[in-house]
$ cat final.csv   # CSV, C-alpha atoms
chain,number,residue,atom,x,y,z
A,1,MET,CA,51.9,-0.9,0.0
A,2,SER,CA,51.2,2.6,-1.2
A,3,SER,CA,49.4,1.3,-4.3
A,4,LYS,CA,47.2,-0.9,-2.1
A,5,PHE,CA,46.4,2.2,0.0
A,6,ASP,CA,45.5,4.2,-3.1
A,7,ALA,CA,43.2,1.4,-4.3
A,8,GLU,CA,41.5,1.3,-1.0
A,9,LYS,CA,41.2,5.1,-1.0
A,10,VAL,CA,39.7,5.0,-4.5
A,11,ALA,CA,37.3,2.3,-3.4
A,12,GLU,CA,36.3,4.4,-0.4
A,13,ILE,CA,35.6,7.5,-2.5
A,14,HIS,CA,33.7,5.4,-4.9
A,15,GLN,CA,31.7,3.9,-2.1
A,16,HIS,CA,31.1,7.4,-0.7
A,17,LEU,CA,29.8,8.7,-4.0
A,18,HIS,CA,27.5,5.8,-4.4
A,19,SER,CA,26.1,6.2,-0.9
A,20,HIS,CA,24.4,9.4,-2.2
A,21,LEU,CA,22.9,7.5,-5.1
A,22,PRO,CA,19.3,6.5,-4.8
A,23,SER,CA,18.5,2.9,-5.0
A,24,GLU,CA,18.0,1.2,-8.4
A,25,SER,CA,14.2,1.2,-7.9
A,26,ALA,CA,14.3,4.9,-6.9
A,27,LEU,CA,16.2,5.7,-10.1
A,28,ARG,CA,13.7,3.8,-12.2
A,29,VAL,CA,10.8,5.6,-10.6
A,30,LYS,CA,12.6,8.9,-11.2
A,31,ALA,CA,13.0,8.0,-14.8
A,32,LEU,CA,9.4,7.0,-15.3
A,33,GLU,CA,8.1,10.2,-13.6
A,34,THR,CA,10.4,12.4,-15.7
A,35,LEU,CA,9.3,10.7,-19.0
A,36,LEU,CA,5.6,10.8,-18.1
A,37,VAL,CA,5.7,14.5,-17.0
A,38,ASP,CA,7.7,15.4,-20.2
A,39,LYS,CA,5.0,13.8,-22.3
A,40,GLY,CA,2.2,15.4,-20.3
A,41,LEU,CA,0.9,12.1,-19.1
A,42,VAL,CA,1.0,12.8,-15.4
A,43,ASN,CA,0.9,16.1,-13.6
A,44,PRO,CA,3.8,16.5,-11.1
A,45,GLN,CA,1.5,18.4,-8.7
A,46,THR,CA,-0.9,15.5,-8.7
A,47,ILE,CA,1.9,13.1,-7.8
A,48,ASP,CA,3.2,15.4,-5.0
A,49,ALA,CA,-0.3,15.9,-3.6
A,50,TRP,CA,-1.0,12.1,-3.6
A,51,VAL,CA,2.3,11.3,-1.9
A,52,GLU,CA,1.7,14.0,0.8
A,53,ALA,CA,-1.9,12.9,1.4
A,54,TYR,CA,-1.2,9.2,1.6
A,55,THR,CA,2.0,9.5,3.6
A,56,ASP,CA,0.6,11.9,6.3
A,57,GLN,CA,-3.1,12.5,6.1
A,58,ILE,CA,-5.3,9.7,4.9
A,59,GLY,CA,-5.1,6.9,7.3
A,60,PRO,CA,-8.0,4.7,8.3
A,61,LYS,CA,-9.9,7.6,9.9
A,62,ARG,CA,-12.4,7.9,7.0
A,63,GLY,CA,-13.3,4.3,7.3
A,64,ALA,CA,-13.7,4.6,11.1
A,65,ARG,CA,-16.0,7.5,10.6
A,66,VAL,CA,-18.2,5.4,8.2
A,67,VAL,CA,-18.3,2.6,10.8
A,68,ALA,CA,-19.2,5.0,13.7
A,69,ARG,CA,-22.0,6.5,11.7
A,70,ALA,CA,-23.4,3.1,10.9
A,71,TRP,CA,-23.3,2.2,14.6
A,72,LEU,CA,-25.3,5.2,15.5
A,73,ASP,CA,-27.7,5.5,12.6
A,74,ALA,CA,-29.6,2.3,11.7
A,75,GLU,CA,-30.9,3.9,8.5
A,76,TYR,CA,-27.4,4.9,7.5
A,77,LYS,CA,-26.2,1.4,8.1
A,78,LYS,CA,-29.0,0.0,5.9
A,79,ARG,CA,-27.9,2.3,3.1
A,80,LEU,CA,-24.3,1.4,3.7
A,81,LEU,CA,-24.9,-2.3,3.4
A,82,GLU,CA,-27.1,-1.9,0.3
A,83,ASP,CA,-25.0,0.7,-1.6
A,84,ALA,CA,-21.7,1.5,0.1
A,85,PRO,CA,-20.4,4.0,-2.5
A,86,ALA,CA,-23.5,6.1,-2.2
A,87,ALA,CA,-23.5,5.9,1.6
A,88,ILE,CA,-19.8,6.8,1.8
A,89,ASP,CA,-20.4,9.7,-0.6
A,90,GLU,CA,-22.8,11.1,1.9
A,91,LEU,CA,-19.8,11.7,4.2
A,92,GLY,CA,-17.9,13.4,1.3
A,93,TYR,CA,-15.3,10.6,1.0
A,94,LEU,CA,-16.1,9.3,-2.5
A,95,GLY,CA,-13.0,8.5,-4.3
A,96,LYS,CA,-12.5,6.4,-7.4
A,97,ALA,CA,-11.2,3.6,-5.3
A,98,THR,CA,-14.5,3.3,-3.3
A,99,ALA,CA,-16.6,3.3,-6.5
A,100,HIS,CA,-16.9,-0.5,-6.3
A,101,LEU,CA,-17.0,-1.1,-2.6
A,102,LYS,CA,-19.0,-3.6,-0.6
A,103,VAL,CA,-19.5,-3.5,3.1
A,104,VAL,CA,-19.7,-6.8,5.0
A,105,GLU,CA,-21.1,-6.9,8.5
A,106,ASN,CA,-19.8,-8.9,11.4
A,107,THR,CA,-22.4,-10.4,13.7
A,108,ASP,CA,-22.4,-12.8,16.6
A,109,GLN,CA,-22.5,-15.6,14.1
A,110,VAL,CA,-20.3,-14.3,11.3
A,111,HIS,CA,-16.8,-12.9,11.1
A,112,ASN,CA,-15.5,-11.4,7.9
A,113,LEU,CA,-11.9,-11.3,6.7
A,114,VAL,CA,-10.7,-9.4,3.6
A,115,VAL,CA,-7.8,-10.3,1.4
A,116,CYS,CA,-6.6,-9.7,-2.2
A,117,THR,CA,-5.1,-13.0,-3.2
A,118,LEU,CA,-3.9,-11.6,-6.6
A,119,CYS,CA,-2.1,-8.5,-5.5
A,120,SER,CA,-3.2,-5.9,-3.0
A,121,CYS,CA,-6.5,-4.4,-3.9
A,122,TYR,CA,-7.7,-2.3,-1.0
A,123,PRO,CA,-10.1,0.5,-0.3
A,124,PHE,CA,-7.2,3.0,0.1
A,125,SER,CA,-9.3,6.1,-0.3
A,126,ILE,CA,-11.0,5.4,3.0
A,127,LEU,CA,-8.4,3.2,4.8
A,128,GLY,CA,-5.1,4.8,3.5
A,129,VAL,CA,-2.3,2.7,2.1
A,130,ALA,CA,-2.6,-1.1,2.8
A,131,PRO,CA,-0.5,-2.3,5.8
A,132,ALA,CA,2.7,-4.3,5.1
A,133,TRP,CA,1.2,-7.6,6.1
A,134,TYR,CA,-1.8,-7.2,3.7
A,135,LYS,CA,0.6,-7.0,0.8
A,136,ALA,CA,2.7,-10.0,2.0
A,137,ALA,CA,2.5,-13.3,0.0
A,138,ALA,CA,2.1,-15.1,3.3
A,139,TYR,CA,-1.2,-13.2,4.1
A,140,ARG,CA,-2.5,-13.4,0.5
A,141,SER,CA,-2.1,-17.2,0.5
A,142,ARG,CA,-2.9,-18.1,4.1
A,143,ALA,CA,-6.0,-15.9,4.6
A,144,VAL,CA,-7.9,-18.2,2.3
A,145,ARG,CA,-6.3,-21.5,3.2
A,146,ASP,CA,-6.2,-21.0,7.0
A,147,PRO,CA,-8.2,-17.9,8.0
A,148,ARG,CA,-8.5,-19.0,11.6
A,149,GLY,CA,-4.8,-19.5,11.9
A,150,VAL,CA,-4.2,-16.0,10.5
A,151,LEU,CA,-6.7,-14.6,12.9
A,152,ALA,CA,-5.1,-16.4,15.8
A,153,GLU,CA,-1.8,-14.8,14.8
A,154,PHE,CA,-3.3,-11.4,15.2
A,155,GLY,CA,-4.6,-12.5,18.6
A,156,VAL,CA,-8.2,-13.0,17.4
A,157,ALA,CA,-9.7,-16.2,18.7
A,158,ILE,CA,-12.9,-17.2,16.8
A,159,ASP,CA,-15.2,-19.7,18.4
A,160,ASP,CA,-15.9,-22.8,16.3
A,161,ASP,CA,-19.6,-21.9,16.0
A,162,ILE,CA,-18.8,-18.5,14.4
A,163,GLU,CA,-18.6,-18.7,10.6
A,164,VAL,CA,-15.5,-17.1,9.1
A,165,ARG,CA,-16.2,-15.6,5.6
A,166,VAL,CA,-13.1,-14.6,3.5
A,167,TRP,CA,-13.7,-12.0,0.8
A,168,ASP,CA,-11.2,-11.9,-2.1
A,169,SER,CA,-10.9,-8.3,-3.3
A,170,THR,CA,-10.4,-7.4,-7.0
A,171,ALA,CA,-9.9,-4.2,-8.9
A,172,GLU,CA,-13.6,-4.1,-9.5
A,173,LEU,CA,-14.8,-5.0,-6.0
A,174,ARG,CA,-13.2,-4.1,-2.8
A,175,TYR,CA,-14.5,-4.8,0.7
A,176,LEU,CA,-14.8,-3.1,4.1
A,177,VAL,CA,-15.7,-5.0,7.2
A,178,LEU,CA,-18.3,-3.4,9.5
A,179,PRO,CA,-17.1,-4.5,12.9
A,180,GLN,CA,-19.5,-4.9,15.9
A,181,ARG,CA,-19.9,-2.0,18.2
A,182,PRO,CA,-18.1,-2.7,21.5
A,183,PRO,CA,-20.2,-3.6,24.5
A,184,GLY,CA,-21.0,-0.6,26.7
A,185,ALA,CA,-20.4,1.9,24.0
A,186,GLY,CA,-24.0,3.1,23.9
A,187,GLY,CA,-24.4,6.8,24.4
A,188,MET,CA,-21.0,7.7,23.0
A,189,SER,CA,-20.6,10.4,20.4
A,190,GLU,CA,-19.7,9.7,16.8
A,191,ASP,CA,-16.3,11.3,17.3
A,192,ALA,CA,-15.6,9.1,20.4
A,193,LEU,CA,-16.8,6.0,18.6
A,194,THR,CA,-14.5,6.7,15.7
A,195,GLU,CA,-11.6,6.4,18.1
A,196,LEU,CA,-12.6,2.9,19.0
A,197,VAL,CA,-12.5,1.6,15.4
A,198,SER,CA,-9.1,0.0,14.5
A,199,ARG,CA,-7.9,-0.2,11.0
A,200,ASN,CA,-7.5,-4.0,11.3
A,201,SER,CA,-11.1,-4.4,12.4
A,202,MET,CA,-12.2,-3.0,9.0
A,203,ILE,CA,-10.0,-5.6,7.2
A,204,GLY,CA,-11.0,-8.3,9.6
A,205,THR,CA,-7.8,-9.1,11.5
A,206,ASP,CA,-9.3,-7.6,14.6
A,207,ARG,CA,-12.8,-8.5,16.0
A,208,ASN,CA,-13.6,-7.6,19.5
A,209,LEU,CA,-13.2,-3.8,19.8
A,210,ILE,CA,-13.2,-2.5,23.3
A,211,LYS,CA,-14.6,0.7,24.8
A,212,ARG,CA,-11.8,2.8,26.2
B,1,MET,CA,16.7,-8.3,29.3
B,2,SER,CA,18.3,-10.3,26.5
B,3,THR,CA,16.0,-13.2,27.3
B,4,ALA,CA,13.0,-11.0,26.9
B,5,GLY,CA,14.4,-9.8,23.5
B,6,MET,CA,14.9,-13.4,22.4
B,7,ASN,CA,11.4,-14.4,23.4
B,8,GLU,CA,10.1,-11.4,21.5
B,9,SER,CA,11.9,-12.3,18.3
B,10,ALA,CA,11.0,-16.0,18.7
B,11,GLU,CA,7.4,-14.9,19.0
B,12,ASN,CA,7.7,-12.7,15.9
B,13,ALA,CA,9.1,-15.5,13.9
B,14,LEU,CA,5.9,-17.4,14.6
B,15,LYS,CA,3.8,-14.4,13.8
B,16,PRO,CA,5.4,-13.0,10.6
B,17,LEU,CA,2.3,-11.1,9.7
B,18,ALA,CA,1.4,-9.6,13.1
B,19,SER,CA,5.0,-8.7,13.8
B,20,VAL,CA,5.0,-6.1,10.9
B,21,ASP,CA,1.6,-4.7,11.8
B,22,GLY,CA,2.9,-1.4,13.0
B,23,GLU,CA,5.2,-0.7,10.1
B,24,ALA,CA,4.9,2.4,8.0
B,25,ALA,CA,3.2,2.0,4.6
B,26,PHE,CA,6.3,3.4,2.9
B,27,ASP,CA,9.9,2.8,3.8
B,28,GLU,CA,11.2,5.3,1.2
B,29,PRO,CA,9.7,8.1,-0.9
B,30,TRP,CA,10.1,6.3,-4.2
B,31,GLN,CA,7.6,3.7,-3.0
B,32,ALA,CA,4.9,6.3,-2.5
B,33,GLU,CA,5.8,8.0,-5.8
B,34,ALA,CA,5.5,4.7,-7.7
B,35,LEU,CA,2.0,4.1,-6.3
B,36,ALA,CA,1.0,7.7,-7.0
B,37,ILE,CA,2.1,7.3,-10.6
B,38,ALA,CA,0.1,4.1,-10.9
B,39,ASP,CA,-3.0,5.6,-9.4
B,40,SER,CA,-2.7,8.7,-11.6
B,41,LEU,CA,-2.4,6.7,-14.8
B,42,VAL,CA,-5.4,4.6,-13.9
B,43,GLN,CA,-7.4,7.8,-13.2
B,44,ASN,CA,-6.1,9.3,-16.5
B,45,GLY,CA,-7.2,6.1,-18.3
B,46,MET,CA,-3.8,5.0,-19.7
B,47,PHE,CA,-4.7,1.6,-18.3
B,48,SER,CA,-7.5,0.2,-16.2
B,49,ALA,CA,-7.5,-0.8,-12.6
B,50,THR,CA,-8.0,-4.4,-13.7
B,51,SER,CA,-4.9,-4.2,-15.9
B,52,TRP,CA,-2.9,-2.7,-13.1
B,53,SER,CA,-4.1,-5.5,-10.7
B,54,ALA,CA,-3.2,-8.2,-13.2
B,55,ALA,CA,0.2,-6.7,-13.9
B,56,LEU,CA,1.1,-6.3,-10.2
B,57,GLY,CA,-0.2,-9.8,-9.5
B,58,GLU,CA,2.0,-11.2,-12.2
B,59,ALA,CA,5.1,-9.4,-10.9
B,60,LEU,CA,4.4,-10.6,-7.4
B,61,ARG,CA,3.9,-14.2,-8.5
B,62,ASN,CA,7.2,-14.0,-10.4
B,63,ALA,CA,9.0,-12.6,-7.4
B,64,GLU,CA,7.7,-15.3,-5.2
B,65,ALA,CA,8.6,-18.0,-7.7
B,66,ASP,CA,12.2,-16.5,-7.8
B,67,GLY,CA,12.4,-16.8,-4.0
B,68,ALA,CA,12.4,-13.0,-3.3
B,69,SER,CA,11.9,-12.1,0.3
B,70,ASP,CA,8.3,-11.6,1.3
B,71,ASP,CA,8.5,-7.9,2.4
B,72,GLN,CA,7.7,-4.4,1.4
B,73,GLN,CA,11.0,-4.0,-0.6
B,74,THR,CA,10.0,-6.8,-2.9
B,75,TYR,CA,6.4,-5.6,-3.1
B,76,TYR,CA,7.4,-2.1,-4.2
B,77,GLN,CA,10.0,-3.5,-6.6
B,78,CYS,CA,7.1,-5.4,-8.2
B,79,VAL,CA,5.1,-2.2,-8.3
B,80,VAL,CA,7.9,-0.6,-10.4
B,81,THR,CA,8.2,-3.7,-12.6
B,82,ALA,CA,4.4,-3.7,-13.3
B,83,LEU,CA,4.4,0.1,-13.9
B,84,GLU,CA,7.3,-0.1,-16.4
B,85,GLY,CA,5.5,-3.0,-18.3
B,86,LEU,CA,2.2,-1.2,-18.6
B,87,ILE,CA,3.7,2.1,-19.6
B,88,ALA,CA,5.8,0.4,-22.3
B,89,GLN,CA,2.6,-1.3,-23.5
B,90,HIS,CA,0.2,1.6,-23.4
B,91,SER,CA,2.3,4.7,-24.2
B,92,GLU,CA,5.1,5.8,-26.6
B,93,ILE,CA,7.6,5.5,-23.8
B,94,ASP,CA,9.6,2.4,-24.5
B,95,ARG,CA,12.1,0.5,-22.5
B,96,PRO,CA,15.2,2.0,-24.1
B,97,ALA,CA,13.9,5.4,-23.2
B,98,MET,CA,13.3,4.3,-19.6
B,99,SER,CA,16.9,2.9,-19.4
B,100,ALA,CA,18.4,6.0,-20.9
B,101,LYS,CA,16.5,8.3,-18.5
B,102,ARG,CA,17.4,6.2,-15.6
B,103,GLU,CA,21.1,6.5,-16.6
B,104,ASP,CA,20.7,10.3,-16.9
B,105,TRP,CA,19.4,10.4,-13.4
B,106,GLU,CA,22.3,8.3,-12.1
B,107,GLN,CA,24.8,10.6,-13.9
B,108,ALA,CA,23.0,13.7,-12.5
B,109,TYR,CA,23.3,12.3,-8.9
B,110,LEU,CA,26.9,11.4,-9.4
B,111,ALA,CA,27.7,14.8,-10.9
B,112,THR,CA,25.9,16.9,-8.3
B,113,PRO,CA,27.8,18.0,-5.3
B,114,HIS,CA,26.3,16.7,-2.1
B,115,GLY,CA,23.7,19.1,-0.7
B,116,GLN,CA,22.9,20.6,-4.1
B,117,PRO,CA,19.5,19.9,-5.7
B,118,VAL,CA,19.9,17.2,-8.3
B,119,LYS,CA,18.7,18.3,-11.8
B,120,LEU,CA,18.7,16.6,-15.1
B,121,ALA,CA,20.8,18.5,-17.6
B,122,SER,CA,18.8,17.3,-20.6
B,123,SER,CA,15.3,17.4,-19.2
B,124,ASP,CA,13.8,20.2,-21.3
B,125,ASP,CA,16.2,20.7,-24.2
B,126,ASN,CA,16.3,17.1,-25.3
B,127,GLY,CA,14.0,17.5,-28.3
B,128,SER,CA,15.1,14.3,-30.0
$ encode --input "final.csv" --output "structure tokens"
Amino acid sequence: MSSKFDAEKVAEIHQHLHSHLPSESALRVKALETLLVDKGLVNPQTIDAWVEAYTDQIGPKRGARVVARAWLDAEYKKRLLEDAPAAIDELGYLGKATAHLKVVENTDQVHNLVVCTLCSCYPFSILGVAPAWYKAAAYRSRAVRDPRGVLAEFGVAIDDDIEVRVWDSTAELRYLVLPQRPPGAGGMSEDALTELVSRNSMIGTDRNLIKR
Amino acid sequence: MSTAGMNESAENALKPLASVDGEAAFDEPWQAEALAIADSLVQNGMFSATSWSAALGEALRNAEADGASDDQQTYYQCVVTALEGLIAQHSEIDRPAMSAKREDWEQAYLATPHGQPVKLASSDDNGS
């Protein structure tokens, strides 16, 4: 009896010790980071700053600002559709990830949906880190095969006479959807308009923005 | 109350994508660190964005073929797999070095009393 107790006790202590151990993946990332830093191949401050920025600060707000500016300024919109990186640079947001960016505009006749069928290419420097569903195999395969079904899942009903265009992102070319300005939003300031732009509307899984 | 809960989960089962819409981009810090390392190495030119995309895509396809769950845990495990492969391919850091350093970290965690900062004993003076 007592040996069984001891065995359980040992198992419990072992369990307790291991509960403080990071996961297998976390240990592997730790190992990579240490090796890369030791060899001078990455700067630990850069890594820390990136993690802090993308965890807390950079959400879709930058993209929303771009959209609001385009709604208010027809000339800006024209430049944005012709050369998105240059137009986004005007707002001071140019990152390497937006260097190859194309903006596609929703109209009464067209709805745009963005996917990366290969992996998860995404304009993260203006939209933040891609949402969980964007990275899911289900989205990556279904967005192309059944875009209207995916849109319905997100509560977006698209009339049959509206064309749905699906854009497959790559490392060289990423996409941002320019959603339509909500009805009744004339006269609103750029700041107020920015608040109306949802992240999903800039990926295409949201369409009819509403004035709040 | 429980009926409402059941309806909600039944609804979520039919909407696997929309049901995770509000989830955080990272469940754990290592996931953000892994992406930060990948982005940093692309910026530094160790490998191209295209190579990264191809390697991550391959890892994701393999995970899917192996029947891995379609969630963020799997996704970020694929990020680590792709990262290890590209680093092994494009730098002097090979897989045995990765395994050894991973083991060092495990030992450091096990040897460090709870609440103390975990440090690698051999980080700087290992000149081999």
$ atom_distance --input "final.csv" --atom1 "CA of Asp39 (chain B)" --atom2 "CA of Lys101 (chain B)"
21.7 Å
$ atom_distance --input "final.csv" --atom1 "CA of Lys119 (chain B)" --atom2 "CA of Ala36 (chain B)"
21.2 Å
$ residues_around --input "final.csv" --residues "Pro44 (chain A)" --least-positions-apart "4" --cutoff "12 Å" --atoms "all atoms listed in the file" --output "list in words"
Lys30, Leu32, Glu33, Thr34, Leu35, Leu36, Val37, Asp38, Lys39, Gly40, Asp48, Ala49, Trp50 and Val51 of chain A; Glu33, Ala36, Ile37 and Ser40 of chain B
$ closest_atom_pairs --input "final.csv" --of "chain B" --to "chain A" --cutoff "6 Å" --atoms "all atoms listed in the file" --output "Markdown table"
| residue | atom | partner | partner_atom | distance |
| --- | --- | --- | --- | --- |
| B:Lys15 | CA | A:Glu153 | CA | 5.7 |
| B:Leu17 | CA | A:Trp133 | CA | 5.1 |
| B:Ala18 | CA | A:Phe154 | CA | 5.5 |
| B:Ala25 | CA | A:Pro131 | CA | 5.8 |
| B:Trp30 | CA | A:Ala26 | CA | 5.2 |
| B:Ala32 | CA | A:Val51 | CA | 5.7 |
| B:Ala36 | CA | A:Ile47 | CA | 5.5 |
| B:Ala49 | CA | A:Ala171 | CA | 5.6 |
| B:Thr50 | CA | A:Ala171 | CA | 5.2 |
| B:Gly57 | CA | A:Cys119 | CA | 4.6 |
| B:Asp70 | CA | A:Ala136 | CA | 5.9 |
| B:Lys101 | CA | A:Ala31 | CA | 5.1 |
| B:Arg102 | CA | A:Ala31 | CA | 4.8 |
$ residues_around --input "final.csv" --residues "region 65-80 of chain A" --least-positions-apart "2" --cutoff "12 Å" --atoms "only C-alpha atoms" --output "count of residues only"
52
$ atom_distance --input "final.csv" --atom1 "CA of Arg165 (chain A)" --atom2 "CA of Ser141 (chain A)"
15.1 Å
$ closest_residue --input "final.csv" --among "A:Gly149, A:Gly184, A:Pro123, A:Gly204" --to "Val110 (chain A)" --atoms "all atoms listed in the file"
A:Gly204
$ decode --input "final.csv" --residues "region 185-194 of chain A" --atoms "all heavy atoms" --output "compact mmCIF listing (two decimals), in the first residue's frame"
# COMPACT_ATOMS: atom_id res chain seq x y z
N ALA A 185 -24.02 58.09 -44.04
CA ALA A 185 -22.79 58.45 -43.33
C ALA A 185 -22.14 59.69 -43.93
O ALA A 185 -21.00 60.00 -43.61
CB ALA A 185 -21.80 57.27 -43.33
N GLY A 186 -22.87 60.40 -44.79
CA GLY A 186 -22.34 61.64 -45.34
C GLY A 186 -22.16 62.67 -44.23
O GLY A 186 -22.92 62.66 -43.24
N GLY A 187 -21.16 63.51 -44.34
CA GLY A 187 -20.98 64.56 -43.34
C GLY A 187 -20.25 64.11 -42.09
O GLY A 187 -19.97 64.92 -41.22
N MET A 188 -19.95 62.80 -41.98
CA MET A 188 -19.22 62.33 -40.80
C MET A 188 -17.73 62.61 -40.97
O MET A 188 -17.20 62.62 -42.07
CB MET A 188 -19.44 60.82 -40.59
CG MET A 188 -20.86 60.47 -40.11
SD MET A 188 -21.11 58.68 -40.01
CE MET A 188 -20.14 58.26 -38.56
N SER A 189 -17.04 62.80 -39.84
CA SER A 189 -15.61 63.07 -39.88
C SER A 189 -14.84 61.78 -40.20
O SER A 189 -15.38 60.67 -40.07
CB SER A 189 -15.14 63.60 -38.53
OG SER A 189 -15.19 62.55 -37.58
N GLU A 190 -13.57 61.94 -40.57
CA GLU A 190 -12.75 60.77 -40.87
C GLU A 190 -12.63 59.87 -39.64
O GLU A 190 -12.72 58.64 -39.74
CB GLU A 190 -11.36 61.22 -41.35
CG GLU A 190 -10.50 60.07 -41.83
CD GLU A 190 -9.18 60.54 -42.43
OE1 GLU A 190 -9.22 61.29 -43.42
OE2 GLU A 190 -8.12 60.17 -41.90
N ASP A 191 -12.43 60.48 -38.47
CA ASP A 191 -12.33 59.69 -37.24
C ASP A 191 -13.59 58.88 -36.99
O ASP A 191 -13.52 57.70 -36.64
CB ASP A 191 -12.08 60.61 -36.03
CG ASP A 191 -10.62 61.05 -35.96
OD1 ASP A 191 -9.80 60.49 -36.72
OD2 ASP A 191 -10.32 61.96 -35.16
N ALA A 192 -14.75 59.52 -37.18
CA ALA A 192 -16.02 58.83 -36.93
C ALA A 192 -16.22 57.72 -37.94
O ALA A 192 -16.69 56.62 -37.60
CB ALA A 192 -17.17 59.83 -36.97
N LEU A 193 -15.87 57.98 -39.20
CA LEU A 193 -16.01 56.96 -40.24
C LEU A 193 -15.12 55.76 -39.96
O LEU A 193 -15.50 54.61 -40.19
CB LEU A 193 -15.68 57.55 -41.62
CG LEU A 193 -16.72 58.51 -42.21
CD1 LEU A 193 -16.16 59.18 -43.46
CD2 LEU A 193 -18.02 57.77 -42.54
N THR A 194 -13.91 56.02 -39.46
CA THR A 194 -12.97 54.94 -39.16
C THR A 194 -13.61 53.92 -38.21
O THR A 194 -13.40 52.71 -38.35
CB THR A 194 -11.69 55.53 -38.52
OG1 THR A 194 -11.09 56.40 -39.47
CG2 THR A 194 -10.70 54.45 -38.15
